[in-house]
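Let me begin by presenting the structure, written as structure tokens, before commenting on it.
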Amino acid sequence: MESDIEESLKKKQKKNPFLGESSTRKPLEHFSVRSYPAMGEVNFMQGEDIRLETTRARFSNVVKRHGELAERLSRDSDKLIFERLQKEFEAARASQTQEICLDGDQWNDGLLATIRERVHMELERRAMQGDANVLADSDFQEKITYKVGSKVICCLEGARIGIQYETSFAGEPCEPYHCVLESKSFLEKMTVLEHTIPFFLPIREAENDLLSSNAMRFIDHVGELLQAYVDRREQVRLIKELYGNQIGELYHSLPYHMIEFVVDDSDCKITVCLRYADLVLVLPTRVKVLAWPTSQFKKDSISAPSPARLSYAEDALRNMSLPEAYAEIVLNLPQALRQMFQHGGSC
């Protein structure tokens, strides 16, 4: 009887291996302690890498789409407006009877009032074209264009004052921009009717803040915005043209008031961050230049050095144009790196 019971138990254990003692539990215990924490850490690290790559890809895509949008906007409707206004300004200058160049105090509120008066007189003359006496008046026939520095101001048809802004870089002319003001009467404030100024420059803010209270200051301020924008843009274009093989990554905002780039040197990686507090500035107000040591410097150093700020480079960028400062930075970089990293210097 007892032997039958023992035999029955043995058969059950063979059918179900988990009913036995430790020998039958070992595979289950071994499986239960299998490295889940390690797998979790690996998954976490892989997840972090994936998120970083995804963020980097998305950022690059946004920058690319931003550039394409800016190009499309400037290529389509803005281009048509530019071509039309350019022809209109050329016709106005071709039909002028006199061009007056103004210096210093000659450009003032009184002169602007005179220009507005001429616009209104021309409008009245066209409304009274049937009157022979009006047509015979030489003052009405005179067409004067005023040149103030890089600005050309002329009277356009239909109670409009046109300002053409001529921009330049390093003494070479760049593209012109236009702004057309409407002046219906002296009792009404002038308004910006149309313009070819880049959409990312704050012309509407300037119109609201200045045009009604100080029209001359508005005209000058728009010129300052445009020239500073062209200057910053051309500085970036020039370093890409001259040193493009040394610059790894370069990012900038549309108005070029935020500029960042990386310089890949054999001894270290240099990151440059520039910020311009005001859009009329051509030199940055906030500069940060960091040198990230490579494995060679880490090997030579007792303790791994942290990224160091390059003060001489920051001073150069604050006081020189970007291409000049870049040349200065590269020239003095080897000596600066030796002094900082080989002597354990860091910031």
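Labeling convention for the structure tokens: chains A, B, ... as they appear, residues from 1 per chain, ligands from 1 in order of appearance.
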TODO: Write out as a ChimeraX atom specification the residues lying within 10 Å of Val289 of chain A, counting only C-alpha atoms and excluding same-chain residues fewer than 4 positions away.
DONE: /A:260-262,270-274,307-315,317
Task: Surrounding residues of Gly104 of chain A excluding itself and chain neighbours under 4 positions, 12 Å, only C-alpha atoms, as a list in words - done: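 Using only C-alpha atoms, the neighbours found are Asn108, Lys147, Val148 and Gly149 of chain A.
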- [ ] Could you tell me which of A:Arg84, A:Arg160, A:Arg233, A:Arg116 comes closest to His257 of chain A if we count only C-alpha atoms?
- [x] A:Arg233
TODO: Just list the residues in segment 177-312 of chain A DSSP gives strand (DSSP E or B) on the backbone, as an MDAnalysis selection string.
DONE: chainID A and resid 177:182 191:195 247:252 258:264 268:275 286:293 308:309
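The two atoms in question, atom CA of Ile329 of chain A and atom CA of Pro255 of chain A, are spaced 24.5 Å apart.
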